[in-house]
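What's in final_25.pdb: PDB, C-alpha atoms
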ATOM      1  CA  MET F   1    -171.182 -33.034  88.822
ATOM      2  CA  MET F   2    -169.666 -32.181  92.196
ATOM      3  CA  LYS F   3    -166.469 -30.806  90.642
ATOM      4  CA  ILE F   4    -168.380 -28.089  88.793
ATOM      5  CA  LEU F   5    -169.703 -26.853  92.139
ATOM      6  CA  TYR F   6    -166.334 -26.065  93.707
ATOM      7  CA  SER F   7    -163.751 -26.009  90.927
ATOM      8  CA  SER F   8    -162.223 -22.807  89.580
ATOM      9  CA  PHE F   9    -160.183 -24.559  86.873
ATOM     10  CA  LEU F  10    -161.848 -27.263  84.798
ATOM     11  CA  ARG F  11    -160.341 -28.680  81.653
ATOM     12  CA  ASP F  12    -162.610 -30.325  79.046
ATOM     13  CA  PRO F  13    -165.639 -30.259  81.343
ATOM     14  CA  GLU F  14    -168.577 -32.568  80.818
ATOM     15  CA  ASN F  15    -172.244 -31.561  80.868
ATOM     16  CA  VAL F  16    -171.417 -27.876  80.561
ATOM     17  CA  CYS F  17    -172.746 -25.519  77.934
ATOM     18  CA  PHE F  18    -173.661 -21.867  77.634
ATOM     19  CA  GLU F  19    -176.268 -19.777  75.893
ATOM     20  CA  GLY F  20    -175.266 -19.069  72.315
ATOM     21  CA  GLU F  21    -172.881 -21.984  72.048
ATOM     22  CA  ASP F  22    -172.429 -23.147  68.473
ATOM     23  CA  LYS F  23    -173.030 -26.773  67.506
ATOM     24  CA  ASP F  24    -169.390 -27.273  66.569
ATOM     25  CA  GLU F  25    -168.119 -25.362  69.564
ATOM     26  CA  LYS F  26    -166.406 -27.178  72.410
ATOM     27  CA  ILE F  27    -165.615 -25.744  75.825
ATOM     28  CA  ILE F  28    -161.951 -26.358  76.595
ATOM     29  CA  LEU F  29    -161.631 -24.484  79.880
ATOM     30  CA  VAL F  30    -164.052 -23.330  82.551
ATOM     31  CA  LEU F  31    -162.434 -20.787  84.848
ATOM     32  CA  ARG F  32    -163.656 -18.942  87.897
ATOM     33  CA  GLN F  33    -162.042 -16.675  90.419
ATOM     34  CA  HIS F  34    -159.754 -18.564  92.787
ATOM     35  CA  LEU F  35    -161.510 -20.069  95.796
ATOM     36  CA  ILE F  36    -159.478 -17.913  98.169
ATOM     37  CA  THR F  37    -161.312 -14.826  96.881
ATOM     38  CA  ASN F  38    -164.404 -16.139  98.674
ATOM     39  CA  THR F  39    -162.761 -15.769 102.090
ATOM     40  CA  PRO F  40    -164.472 -12.454 103.065
ATOM     41  CA  TRP F  41    -168.026 -13.675 102.645
ATOM     42  CA  ILE F  42    -167.218 -17.073 104.159
ATOM     43  CA  LEU F  43    -165.838 -15.385 107.272
ATOM     44  CA  PHE F  44    -168.864 -13.103 107.476
ATOM     45  CA  SER F  45    -171.115 -16.165 107.147
ATOM     46  CA  VAL F  46    -169.360 -17.771 110.112
ATOM     47  CA  PHE F  47    -170.069 -14.613 112.092
ATOM     48  CA  LEU F  48    -173.748 -14.718 111.067
ATOM     49  CA  LEU F  49    -173.942 -18.389 112.016
ATOM     50  CA  PHE F  50    -172.734 -17.856 115.582
ATOM     51  CA  ALA F  51    -174.086 -14.353 116.194
ATOM     52  CA  PRO F  52    -177.411 -15.507 117.753
ATOM     53  CA  ILE F  53    -175.324 -17.330 120.375
ATOM     54  CA  PHE F  54    -172.945 -14.613 121.504
ATOM     55  CA  LEU F  55    -174.950 -11.461 120.682
ATOM     56  CA  PRO F  56    -177.589 -12.001 123.421
ATOM     57  CA  ILE F  57    -174.770 -12.574 125.926
ATOM     58  CA  LEU F  58    -173.079  -9.380 124.766
ATOM     59  CA  LEU F  59    -176.323  -7.427 125.087
ATOM     60  CA  ARG F  60    -176.977  -8.752 128.590
ATOM     61  CA  LEU F  61    -173.457  -7.865 129.651
ATOM     62  CA  ASN F  62    -174.197  -4.318 128.517
ATOM     63  CA  GLN F  63    -177.450  -4.285 130.499
ATOM     64  CA  ILE F  64    -179.628  -4.328 127.380
ATOM     65  CA  THR F  65    -182.492  -6.695 128.256
ATOM     66  CA  PHE F  66    -185.042  -5.654 125.632
ATOM     67  CA  PHE F  67    -184.599  -8.681 123.400
ATOM     68  CA  SER F  68    -184.371 -11.217 126.205
ATOM     69  CA  SER F  69    -187.613  -9.740 127.619
ATOM     70  CA  LEU F  70    -189.527 -10.581 124.453
ATOM     71  CA  PRO F  71    -191.846 -13.606 124.615
ATOM     72  CA  LEU F  72    -190.383 -16.934 123.464
ATOM     73  CA  SER F  73    -192.520 -16.959 120.292
ATOM     74  CA  TYR F  74    -190.999 -13.643 119.188
ATOM     75  CA  ARG F  75    -187.480 -14.817 119.892
ATOM     76  CA  PHE F  76    -188.180 -18.052 117.989
ATOM     77  CA  ILE F  77    -189.436 -16.151 114.930
ATOM     78  CA  ILE F  78    -186.550 -13.682 115.016
ATOM     79  CA  GLY F  79    -184.049 -16.528 115.409
ATOM     80  CA  THR F  80    -185.587 -18.507 112.531
ATOM     81  CA  PHE F  81    -185.662 -15.441 110.313
ATOM     82  CA  TRP F  82    -181.998 -14.826 111.156
ATOM     83  CA  TYR F  83    -181.029 -18.314 109.909
ATOM     84  CA  VAL F  84    -183.180 -18.037 106.785
ATOM     85  CA  PHE F  85    -181.377 -14.760 106.098
ATOM     86  CA  PHE F  86    -178.055 -16.489 106.816
ATOM     87  CA  PHE F  87    -178.834 -19.176 104.237
ATOM     88  CA  GLY F  88    -179.906 -16.520 101.726
ATOM     89  CA  TYR F  89    -176.670 -14.591 102.216
ATOM     90  CA  LEU F  90    -174.571 -17.761 101.892
ATOM     91  CA  PHE F  91    -176.427 -18.909  98.798
ATOM     92  CA  THR F  92    -176.356 -15.578  96.934
ATOM     93  CA  SER F  93    -172.668 -15.099  97.737
ATOM     94  CA  PHE F  94    -171.954 -18.560  96.363
ATOM     95  CA  LEU F  95    -174.052 -17.860  93.252
ATOM     96  CA  GLY F  96    -172.051 -14.689  92.585
ATOM     97  CA  TRP F  97    -168.861 -16.741  92.522
ATOM     98  CA  TYR F  98    -170.359 -19.775  90.758
ATOM     99  CA  PHE F  99    -171.900 -17.929  87.820
ATOM    100  CA  THR F 100    -169.028 -15.506  87.203
ATOM    101  CA  VAL F 101    -167.204 -17.677  84.720
ATOM    102  CA  TYR F 102    -164.581 -17.326  82.059
ATOM    103  CA  LEU F 103    -164.812 -19.826  79.235
ATOM    104  CA  VAL F 104    -162.229 -20.796  76.669
ATOM    105  CA  THR F 105    -163.721 -22.661  73.725
ATOM    106  CA  ASN F 106    -162.184 -23.840  70.477
ATOM    107  CA  LYS F 107    -163.620 -20.707  68.815
ATOM    108  CA  ARG F 108    -163.762 -17.870  71.338
ATOM    109  CA  LEU F 109    -163.271 -16.505  74.818
ATOM    110  CA  VAL F 110    -166.362 -15.829  76.886
ATOM    111  CA  ASP F 111    -166.660 -13.677  79.998
ATOM    112  CA  ILE F 112    -169.877 -14.017  81.995
ATOM    113  CA  ASP F 113    -170.060 -11.596  84.921
ATOM    114  CA  PHE F 114    -172.763 -11.980  87.510
ATOM    115  CA  GLU F 115    -172.539  -9.171  90.043
ATOM    116  CA  GLY F 116    -175.054  -8.657  92.793
ATOM    117  CA  LEU F 117    -178.295 -10.237  91.735
ATOM    118  CA  ILE F 118    -179.555  -7.953  89.037
ATOM    119  CA  HIS F 119    -176.415  -7.248  87.076
ATOM    120  CA  ARG F 120    -175.277  -9.652  84.391
ATOM    121  CA  ARG F 121    -172.786  -9.083  81.601
ATOM    122  CA  PHE F 122    -171.880 -11.411  78.740
ATOM    123  CA  SER F 123    -168.815 -10.607  76.608
ATOM    124  CA  ASP F 124    -167.040 -12.710  74.065
ATOM    125  CA  ALA F 125    -164.169 -12.433  71.617
ATOM    126  CA  LEU F 126    -163.122 -14.689  68.777
ATOM    127  CA  LEU F 127    -159.764 -16.381  69.222
ATOM    128  CA  SER F 128    -158.779 -15.072  65.791
ATOM    129  CA  ASN F 129    -159.290 -11.515  67.108
ATOM    130  CA  VAL F 130    -156.926 -11.906  70.043
ATOM    131  CA  GLU F 131    -154.042  -9.507  69.562
ATOM    132  CA  ASP F 132    -152.255  -9.406  72.868
ATOM    133  CA  LEU F 133    -152.184 -11.388  76.108
ATOM    134  CA  THR F 134    -150.783 -10.194  79.408
ATOM    135  CA  HIS F 135    -151.049 -11.984  82.709
ATOM    136  CA  GLN F 136    -150.380 -10.466  86.089
ATOM    137  CA  ILE F 137    -149.727 -11.988  89.510
ATOM    138  CA  SER F 138    -149.217  -9.348  92.156
ATOM    139  CA  GLY F 139    -149.412  -9.297  95.931
ATOM    140  CA  ALA F 140    -148.471 -11.849  98.549
ATOM    141  CA  LEU F 141    -151.808 -13.679  98.449
ATOM    142  CA  GLN F 142    -151.711 -14.109  94.684
ATOM    143  CA  VAL F 143    -148.123 -15.325  94.778
ATOM    144  CA  ILE F 144    -148.838 -17.829  97.577
ATOM    145  CA  PHE F 145    -151.988 -19.216  96.004
ATOM    146  CA  ASN F 146    -150.846 -18.779  92.390
ATOM    147  CA  TYR F 147    -153.714 -16.781  90.968
ATOM    148  CA  GLY F 148    -153.923 -13.563  88.993
ATOM    149  CA  THR F 149    -155.477 -11.739  86.066
ATOM    150  CA  LEU F 150    -155.208 -12.404  82.358
ATOM    151  CA  HIS F 151    -155.733  -9.280  80.211
ATOM    152  CA  ILE F 152    -156.813 -10.066  76.676
ATOM    153  CA  GLN F 153    -156.563  -7.373  74.024
ATOM    154  CA  THR F 154    -158.755  -8.006  70.999
ATOM    155  CA  ALA F 155    -159.462  -6.461  67.653
ATOM    156  CA  GLY F 156    -163.203  -6.782  68.149
ATOM    157  CA  GLU F 157    -165.861  -4.459  69.536
ATOM    158  CA  HIS F 158    -164.955  -5.328  73.121
ATOM    159  CA  ARG F 159    -161.319  -4.353  72.961
ATOM    160  CA  GLU F 160    -160.382  -5.914  76.239
ATOM    161  CA  LEU F 161    -161.467  -8.911  78.229
ATOM    162  CA  ASP F 162    -160.184  -9.494  81.730
ATOM    163  CA  PHE F 163    -160.118 -12.910  83.331
ATOM    164  CA  GLU F 164    -159.774 -11.742  86.912
ATOM    165  CA  ASP F 165    -158.249 -13.690  89.815
ATOM    166  CA  ILE F 166    -158.093 -16.971  87.922
ATOM    167  CA  PRO F 167    -155.920 -19.852  89.131
ATOM    168  CA  THR F 168    -152.652 -20.606  87.295
ATOM    169  CA  PRO F 169    -152.833 -17.607  84.942
ATOM    170  CA  THR F 170    -149.511 -18.634  83.345
ATOM    171  CA  LYS F 171    -151.015 -21.942  82.211
ATOM    172  CA  VAL F 172    -154.181 -20.238  80.961
ATOM    173  CA  HIS F 173    -152.078 -17.649  79.111
ATOM    174  CA  ASP F 174    -150.235 -20.486  77.404
ATOM    175  CA  ILE F 175    -153.425 -22.335  76.434
ATOM    176  CA  VAL F 176    -155.137 -19.222  75.060
ATOM    177  CA  SER F 177    -151.968 -18.228  73.236
ATOM    178  CA  ASP F 178    -151.774 -21.623  71.506
ATOM    179  CA  LEU F 179    -155.454 -21.572  70.589
ATOM    180  CA  SER F 180    -155.215 -18.040  69.293
ATOM    181  CA  ALA F 181    -152.147 -18.886  67.184
ATOM    182  CA  GLU F 182    -154.016 -21.876  65.751
ATOM    183  CA  ALA F 183    -157.026 -19.659  64.934
ATOM    184  CA  HIS F 184    -154.782 -17.096  63.230
ATOM    185  CA  ARG F 185    -153.098 -19.884  61.240
ATOM    186  CA  LYS F 186    -156.453 -21.153  59.997
ATOM    187  CA  LEU F 187    -157.416 -17.671  58.881
ATOM    188  CA  GLY F 188    -153.944 -17.100  57.412
ATOM    189  CA  PRO F 189    -154.401 -16.035  53.721
ATOM    190  CA  ARG F 190    -157.821 -14.343  54.292
ATOM    191  CA  HIS F 191    -156.481 -12.498  57.350
ATOM    192  CA  ASP F 192    -153.680 -10.986  55.265
ATOM    193  CA  ASP F 193    -156.265  -9.647  52.768
TER     194      ASP F 193
ATOM    195  CA  MET O   1    -182.497   3.955 126.940
ATOM    196  CA  ILE O   2    -183.730   0.708 125.480
ATOM    197  CA  ASN O   3    -184.460  -0.694 128.990
ATOM    198  CA  LEU O   4    -186.811   2.168 129.886
ATOM    199  CA  ILE O   5    -189.274   0.831 127.323
ATOM    200  CA  ASN O   6    -191.603  -1.940 128.417
ATOM    201  CA  PRO O   7    -191.311  -4.651 125.748
ATOM    202  CA  SER O   8    -194.919  -5.786 126.147
ATOM    203  CA  GLU O   9    -196.125  -2.356 125.028
ATOM    204  CA  LEU O  10    -194.092  -2.579 121.878
ATOM    205  CA  LEU O  11    -195.118  -6.092 120.841
ATOM    206  CA  PRO O  12    -197.559  -4.964 118.095
ATOM    207  CA  LEU O  13    -194.842  -2.711 116.651
ATOM    208  CA  VAL O  14    -192.285  -5.522 116.830
ATOM    209  CA  LYS O  15    -194.736  -7.865 115.066
ATOM    210  CA  VAL O  16    -195.374  -5.355 112.269
ATOM    211  CA  THR O  17    -191.637  -4.739 111.887
ATOM    212  CA  ILE O  18    -190.956  -8.459 111.615
ATOM    213  CA  LEU O  19    -193.741  -8.903 109.064
ATOM    214  CA  ILE O  20    -192.495  -6.011 106.931
ATOM    215  CA  ALA O  21    -188.927  -7.359 107.076
ATOM    216  CA  GLU O  22    -190.127 -10.820 106.084
ATOM    217  CA  GLY O  23    -192.274  -9.414 103.278
ATOM    218  CA  LEU O  24    -189.357  -7.479 101.820
ATOM    219  CA  TYR O  25    -187.112 -10.486 102.202
ATOM    220  CA  ALA O  26    -189.673 -12.656 100.396
ATOM    221  CA  ILE O  27    -189.444 -10.290  97.419
ATOM    222  CA  PHE O  28    -185.665 -10.654  97.518
ATOM    223  CA  ALA O  29    -185.991 -14.454  97.718
ATOM    224  CA  PHE O  30    -188.266 -14.409  94.667
ATOM    225  CA  ILE O  31    -185.683 -12.382  92.741
ATOM    226  CA  VAL O  32    -183.086 -14.979  93.724
ATOM    227  CA  VAL O  33    -185.304 -17.724  92.245
ATOM    228  CA  ARG O  34    -185.683 -15.802  88.981
ATOM    229  CA  GLN O  35    -182.003 -14.958  88.702
ATOM    230  CA  THR O  36    -180.885 -18.499  89.491
ATOM    231  CA  SER O  37    -183.154 -19.800  86.744
ATOM    232  CA  LEU O  38    -181.902 -17.162  84.311
ATOM    233  CA  MET O  39    -178.256 -17.821  85.095
ATOM    234  CA  ASN O  40    -178.777 -21.559  84.754
ATOM    235  CA  LYS O  41    -180.031 -20.880  81.235
ATOM    236  CA  THR O  42    -176.980 -18.711  80.493
ATOM    237  CA  PHE O  43    -174.481 -21.216  81.905
ATOM    238  CA  GLN O  44    -175.832 -24.744  82.013
ATOM    239  CA  THR O  45    -174.195 -27.340  84.208
ATOM    240  CA  GLY O  46    -175.120 -30.569  85.947
ATOM    241  CA  ALA O  47    -175.598 -28.621  89.185
ATOM    242  CA  GLY O  48    -178.346 -26.420  87.739
ATOM    243  CA  LEU O  49    -181.153 -28.535  89.121
ATOM    244  CA  LEU O  50    -179.662 -28.472  92.607
ATOM    245  CA  LEU O  51    -179.251 -24.696  92.556
ATOM    246  CA  ASN O  52    -182.834 -24.212  91.390
ATOM    247  CA  LEU O  53    -183.977 -26.499  94.185
ATOM    248  CA  PHE O  54    -182.037 -24.497  96.790
ATOM    249  CA  SER O  55    -183.389 -21.175  95.546
ATOM    250  CA  ARG O  56    -186.968 -22.410  95.576
ATOM    251  CA  THR O  57    -186.614 -24.029  98.987
ATOM    252  CA  HIS O  58    -185.268 -20.755 100.330
ATOM    253  CA  PHE O  59    -188.209 -18.827  98.856
ATOM    254  CA  PHE O  60    -190.825 -21.221 100.247
ATOM    255  CA  ALA O  61    -189.081 -21.194 103.629
ATOM    256  CA  VAL O  62    -189.497 -17.407 103.733
ATOM    257  CA  LEU O  63    -193.160 -17.693 102.747
ATOM    258  CA  GLY O  64    -193.690 -20.375 105.370
ATOM    259  CA  LEU O  65    -192.040 -18.218 107.988
ATOM    260  CA  PHE O  66    -194.284 -15.299 107.048
ATOM    261  CA  VAL O  67    -197.391 -17.427 107.552
ATOM    262  CA  LEU O  68    -195.999 -18.816 110.792
ATOM    263  CA  THR O  69    -195.374 -15.287 112.036
ATOM    264  CA  LEU O  70    -198.989 -14.343 111.315
ATOM    265  CA  ILE O  71    -200.214 -17.388 113.199
ATOM    266  CA  ILE O  72    -198.061 -17.505 116.323
ATOM    267  CA  LEU O  73    -197.341 -13.841 116.993
TER     268      LEU O  73
END
Would it be possible to restate this file's structure as structure tokens?
Amino acid sequence: MMKILYSSFLRDPENVCFEGEDKDEKIILVLRQHLITNTPWILFSVFLLFAPIFLPILLRLNQITFFSSLPLSYRFIIGTFWYVFFFGYLFTSFLGWYFTVYLVTNKRLVDIDFEGLIHRRFSDALLSNVEDLTHQISGALQVIFNYGTLHIQTAGEHRELDFEDIPTPTKVHDIVSDLSAEAHRKLGPRHDD
Amino acid sequence: MINLINPSELLPLVKVTILIAEGLYAIFAFIVVRQTSLMNKTFQTGAGLLLNLFSRTHFFAVLGLFVLTLIIL
């Protein structure tokens, strides 16, 4: 269970399913954006964690004594609220990363985007509809940590799916390519009609 | 400028400000509970229960803090 909490590349995961999954459908890959993409909010969280310690000192150094003049009960409530807010920020940032997943099943590719708290998008494309795959690794960070984007061109309604900032995009490209070729082979004679 | 104001005169305003902030944040925390539950239905994993627990704990912590603010301030 713990691996699903922090992993951005899971092969043949256990105890994982998604809404709309067919009975004969099997999830082969669970992908998320590379862990390094979480650095901005993690750093900001560290700032929020230590702010109540150094901010009062900073204010006093600048001769601002308003907050330190408040009664202890007020400072306690403000401090507690700060840490509740800190937890909320940490948790919602994590949820944004955790629930933005890209799934590769034996039948289709699924892109679940969870942005902010009130925006959710679910896109999928059959493997037999995959027409073109392109992966891209650009920039020093992506090269160092080996992550990038896989662009998937399909024949379906959603003409393009993007698996953004996924780890080892070359490997994922290869896996999807093989699965797609297999799906095309199965459709073979009917597809030509 | 902020030091010309006597804090004790502003305490009722500070209390109301804190209560409003906590009330708005409680609404946000409730939305987090709903969205976590919804997303767990969309993408089900073994960690779903834990995430629901965290979201609910967070919401009840905000509610508890709101009540505490009413009592001690």
**OP:** Have a look at CA of Ile175 in chain F and CA of Ile28 in chain F and let me know their distance in Å, one decimal.
**Re:** 9.4 Å
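When all atoms listed in the file are used to compute distances to chain O, the closest of the residues F:Gly139, F:Pro52, F:Pro40, F:Gly88 turns out to be F:Gly88.
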Subject >> Selection result of the PyMOL selection byres ((chain F) within 9 of (chain O)) on this file, as a PyMOL selection string >> reply: chain F and resi 1-2+4-5+14-20+63-67+69-71+73-74+77-78+80-81+84-85+87-88+91-92+95+99+101+112+114+117-118+120
**OP:** Apply the PyMOL selection byres ((chain F and resi 155) around 12) to the structure shown and report the selected residues as a ChimeraX atom specification.
**Re:** /F:124-132,152-154,156-161
I'd like to see the residues matched by the PyMOL selection byres ((chain F and resi 7) around 10) on this file, and ideally I'd get them as an mmCIF file with C-alpha atoms, keeping the file's coordinate frame.
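Full text of out.cif as output:
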data_model
loop_
_atom_site.group_PDB
_atom_site.id
_atom_site.type_symbol
_atom_site.label_atom_id
_atom_site.label_comp_id
_atom_site.auth_asym_id
_atom_site.auth_seq_id
_atom_site.Cartn_x
_atom_site.Cartn_y
_atom_site.Cartn_z
ATOM 1 C CA MET F 2 -169.666 -32.181 92.196
ATOM 2 C CA LYS F 3 -166.469 -30.806 90.642
ATOM 3 C CA ILE F 4 -168.380 -28.089 88.793
ATOM 4 C CA LEU F 5 -169.703 -26.853 92.139
ATOM 5 C CA TYR F 6 -166.334 -26.065 93.707
ATOM 6 C CA SER F 8 -162.223 -22.807 89.580
ATOM 7 C CA PHE F 9 -160.183 -24.559 86.873
ATOM 8 C CA LEU F 10 -161.848 -27.263 84.798
ATOM 9 C CA VAL F 30 -164.052 -23.330 82.551
ATOM 10 C CA LEU F 31 -162.434 -20.787 84.848
ATOM 11 C CA ARG F 32 -163.656 -18.942 87.897
ATOM 12 C CA GLN F 33 -162.042 -16.675 90.419
ATOM 13 C CA HIS F 34 -159.754 -18.564 92.787
ATOM 14 C CA LEU F 35 -161.510 -20.069 95.796
ATOM 15 C CA TYR F 98 -170.359 -19.775 90.758
#
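Taking CA of Ser45 in chain F and CA of Gly148 in chain F as endpoints, the distance between them is 25.1 Å.
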**OP:** Provide the CA of Ile166 in chain F to CA of Arg11 in chain F distance in Å, to one decimal place.
**Re:** 13.5 Å
Take every atom of range 25-29 of chain F listed in the file, pad by 8 Å on each side, and give me the axis-aligned box centre and edge lengths in Å, one decimal, as AutoDock Vina command-line options.
--center_x -164.9 --center_y -25.8 --center_z 74.7 --size_x 22.5 --size_y 18.7 --size_z 26.3
Subject >> All residues 12 Å or closer to Asp178 in chain F, all atoms listed in the file, same chain fewer than 6 positions away omitted, as an NGL selection string >> reply: :F and (104 or 106 or 127-128 or 130 or 133 or 171-172 or 184-185)
Kindly add N, CA and C atoms to the incomplete range 31-42 of chain O and provide the output as a compact mmCIF listing (two decimals), in the frame of the given file.
# COMPACT_ATOMS: atom_id res chain seq x y z
N ILE O 31 -186.67 -12.84 93.74
CA ILE O 31 -185.68 -12.38 92.74
C ILE O 31 -184.54 -13.39 92.62
N VAL O 32 -184.15 -13.96 93.74
CA VAL O 32 -183.09 -14.98 93.72
C VAL O 32 -183.53 -16.18 92.88
N VAL O 33 -184.78 -16.59 93.03
CA VAL O 33 -185.30 -17.72 92.24
C VAL O 33 -185.22 -17.40 90.75
N ARG O 34 -185.68 -16.21 90.40
CA ARG O 34 -185.68 -15.80 88.98
C ARG O 34 -184.27 -15.72 88.42
N GLN O 35 -183.37 -15.13 89.19
CA GLN O 35 -182.00 -14.96 88.70
C GLN O 35 -181.28 -16.29 88.60
N THR O 36 -181.51 -17.18 89.54
CA THR O 36 -180.88 -18.50 89.49
C THR O 36 -181.32 -19.23 88.23
N SER O 37 -182.62 -19.15 87.95
CA SER O 37 -183.15 -19.80 86.74
C SER O 37 -182.55 -19.18 85.48
N LEU O 38 -182.46 -17.87 85.47
CA LEU O 38 -181.90 -17.16 84.31
C LEU O 38 -180.42 -17.51 84.12
N MET O 39 -179.69 -17.53 85.20
CA MET O 39 -178.26 -17.82 85.10
C MET O 39 -178.02 -19.27 84.72
N ASN O 40 -178.90 -20.16 85.15
CA ASN O 40 -178.78 -21.56 84.75
C ASN O 40 -179.01 -21.72 83.26
N LYS O 41 -179.81 -20.84 82.70
CA LYS O 41 -180.03 -20.88 81.24
C LYS O 41 -178.80 -20.33 80.51
N THR O 42 -178.16 -19.33 81.12
CA THR O 42 -176.98 -18.71 80.49
C THR O 42 -175.79 -19.67 80.56
